[in-house]
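To keep things clear, I will list the structure first and then write my remarks on it.
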Amino acid sequence: MKKYLVTGAAGFIGFFVAQRLCALGHQVVGLDNLNDYYEVSLKEARLAILQKEPNFRFVRMDLADKNGVAQLFAQEKFERVIHLAAQAGVRYSLDNPMTYVDSNLLGHMTILEGCRHHKVEHLVYASSSSVYGLNKKMPFSTADSVDHPVSLYAATKKANELMSHTYSHLYDIPTTGLRFFTVYGPWGRPDMALFKFTRAILEGRPIDIYNNGDLSRDFTYIDDIVEGILRIQDVIPTRNADWTVESGSPADSSAPYRIYNIGNGRPVKLMDFVAALEAALGKVAEKNFMPMQPGDVYATYADTRSLFDATGYQPDITVTDGVGRFVEWYKSFYKI
């Protein structure tokens, strides 16, 4: 059994990761600042479930609190860290850029410093498919260049990968970055399309469909994401003595550093996703077709071969099943 720090434990992915780790018998300290980016009551409801676990302890703290995070690492002596806390949202970053500096850059730095000074076995952290930016080649591969992000959120996630590589190189800290592709499912974030669409349709309001519906996303169900995280945290990177910048993949290194895509590997047209939601709700949506938004991308599609090679795991939950499970949860949680 290990002692874990899970940051963003009251968030969507962090909640499920902490819950699974507790079920496996590990000791888990969950950190979250419970900010009001979306309804705090949802975060508190997730947290209430976690706090029933005897091997879970919650710490309310902002990752930008350098001294607080340093003291937490010193007191708890974590063996592994799963760092999922961040200021999320591509569109929010257009209007509130400074928020991303504190949460995503300074916050990631405090975690790296904690791992450096306390010899953490493995740091697994959340990157994002948004780092692929202007890439057009499909599917997105971790062997591709990701030097042209189109939102500040994406830029901070790319920066997290660079910061992690530096610490892996300098201090021999094993780090693994996971580029998540459009995560959805029960307990999801209210700012994400599925949550917003469901709420609007049930309330009889129109839903906004961007780029006139001509978008595709590699929608990945939460259970598949969590399974991938739990498997990859046992695959601790080592130095690759044969790797060079000139001939090696950007996802590998002579440092103990790796990057993986974690997605379904089957992109779905946005209108097909909406159709699956309409079927699950038994109600047709009123659609408000809109132009493409700044910072958005036309399509996402994950090449997950390296994840499969490392873990033997391939996400497999279909959009029809996943959307149906979300609708069941939504109606139960909101008593509809």
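By convention in this document, the chains of the structure tokens carry letters A, B, ... by their order, each chain's residues are numbered from 1, and ligands are numbered from 1 in the order they are shown.
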Which residues, written as an NGL selection string, have at least one atom at most 6 Å from region 92-109 of chain A, with only C-alpha atoms counted and residues fewer than 2 positions away on the same chain left out? :A and (63-64 or 86-87 or 89-90 or 111-112 or 152-153)
Compile the contact shell of Arg266 (chain A) as a count of residues only: residues with an atom at most 8 Å away, counting only C-alpha atoms, same-chain residues fewer than 3 positions apart removed. 4
Using only C-alpha atoms, which of A:Glu79, A:Glu328, A:Asp316, A:Asp32 sits nearest Phe15 (chain A)? A:Asp32
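Computed from the coordinates, the CA of Ser216 (chain A) to CA of Asn160 (chain A) distance equals 25.9 Å.
Near region 1-8 of chain A, within 6 Å and counting only C-alpha atoms, sit Gly11, Gly14, His26, Gln27, Val28, Val29, Gly30, Leu31, Asp32, Phe78, Glu79, Arg80, Val81, Ile82, His83, Leu84 and Ala85 of chain A; same-chain residues fewer than 3 positions away were not included.
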Restricted to C-alpha atoms, what would the selected residues look like written as a PDB file, in the first residue's frame?
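To be explicit, this is the file written out as again13.pdb:
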```pdb
ATOM      1  CA  GLY A  11     -12.913  17.915  -8.855  1.00  0.00           C
ATOM      2  CA  GLY A  14      -9.724  13.727  -8.861  1.00  0.00           C
ATOM      3  CA  HIS A  26      -4.066   3.087  -0.208  1.00  0.00           C
ATOM      4  CA  GLN A  27      -3.766   6.101   2.088  1.00  0.00           C
ATOM      5  CA  VAL A  28      -4.969   9.208   0.262  1.00  0.00           C
ATOM      6  CA  VAL A  29      -4.612  12.876   1.156  1.00  0.00           C
ATOM      7  CA  GLY A  30      -6.906  14.898  -1.090  1.00  0.00           C
ATOM      8  CA  LEU A  31      -6.100  18.558  -1.705  1.00  0.00           C
ATOM      9  CA  ASP A  32      -8.482  21.110  -3.192  1.00  0.00           C
ATOM     10  CA  PHE A  78       3.947  11.109   0.137  1.00  0.00           C
ATOM     11  CA  GLU A  79       5.227   8.180  -1.898  1.00  0.00           C
ATOM     12  CA  ARG A  80       3.311   9.094  -5.064  1.00  0.00           C
ATOM     13  CA  VAL A  81       1.515  12.179  -6.334  1.00  0.00           C
ATOM     14  CA  ILE A  82      -1.354  12.368  -8.815  1.00  0.00           C
ATOM     15  CA  HIS A  83      -1.652  16.043  -9.688  1.00  0.00           C
ATOM     16  CA  LEU A  84      -5.030  16.838 -11.256  1.00  0.00           C
ATOM     17  CA  ALA A  85      -5.769  20.296  -9.830  1.00  0.00           C
TER      18      ALA A  85
END
```
Identify, on the basis of only C-alpha atoms, every residue whose closest approach to Tyr210 (chain A) does not exceed 10 Å; exclude the query and any residue fewer than 6 positions from it along the same chain; express the result as a list in words. Leu270, Asn288, Phe289, Met290, Pro291, Met292, Gln293, Asp296 and Tyr298 of chain A
Could you dump the residues just selected with N, CA, C and O atoms as a CSV table (one decimal), in the first residue's frame?
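As written to disk, result15.csv reads:
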```
chain,number,residue,atom,x,y,z
A,270,LEU,N,-19.9,16.0,-33.2
A,270,LEU,CA,-20.7,16.7,-32.2
A,270,LEU,C,-22.2,16.4,-32.3
A,270,LEU,O,-22.9,16.2,-31.3
A,288,ASN,N,-29.2,26.2,-31.4
A,288,ASN,CA,-28.8,27.5,-31.8
A,288,ASN,C,-27.4,27.4,-32.4
A,288,ASN,O,-26.4,27.3,-31.7
A,289,PHE,N,-27.3,27.4,-33.8
A,289,PHE,CA,-26.0,27.1,-34.5
A,289,PHE,C,-25.2,28.4,-34.5
A,289,PHE,O,-25.7,29.5,-34.8
A,290,MET,N,-23.9,28.3,-34.1
A,290,MET,CA,-23.1,29.4,-33.9
A,290,MET,C,-21.8,29.2,-34.7
A,290,MET,O,-21.4,28.1,-35.0
A,291,PRO,N,-21.0,30.3,-34.9
A,291,PRO,CA,-19.7,30.2,-35.6
A,291,PRO,C,-18.7,29.6,-34.6
A,291,PRO,O,-18.9,29.5,-33.4
A,292,MET,N,-17.5,29.3,-35.2
A,292,MET,CA,-16.4,28.8,-34.4
A,292,MET,C,-16.0,29.8,-33.3
A,292,MET,O,-15.9,31.0,-33.6
A,293,GLN,N,-15.6,29.3,-32.1
A,293,GLN,CA,-15.2,30.2,-31.1
A,293,GLN,C,-13.7,30.3,-31.1
A,293,GLN,O,-13.0,29.4,-31.4
A,296,ASP,N,-10.9,27.5,-29.9
A,296,ASP,CA,-11.4,26.1,-30.1
A,296,ASP,C,-10.7,25.5,-31.3
A,296,ASP,O,-10.0,26.1,-32.1
A,298,TYR,N,-11.0,22.3,-34.4
A,298,TYR,CA,-12.0,21.6,-35.2
A,298,TYR,C,-12.3,20.2,-34.8
A,298,TYR,O,-13.4,19.7,-34.8
```
With only C-alpha atoms as the basis for distance, which of A:Lys136, A:Gly185, A:Lys287, A:Leu162 is at the shortest distance from Ala200 (chain A)? A:Lys287
Need the shell around Glu161 (chain A): protein/DNA/RNA residues with any atom at most 9 Å away, counting only C-alpha atoms. Skip same-chain ones fewer than 6 positions apart. Format as a PyMOL selection string? chain A and resi 125+127+176-177+259
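Compared by their closest atoms to Gly248 (chain A), and using only C-alpha atoms, the residues A:Ala279, A:Leu72, A:Ala143, A:Val17 rank with A:Ala143 nearest.
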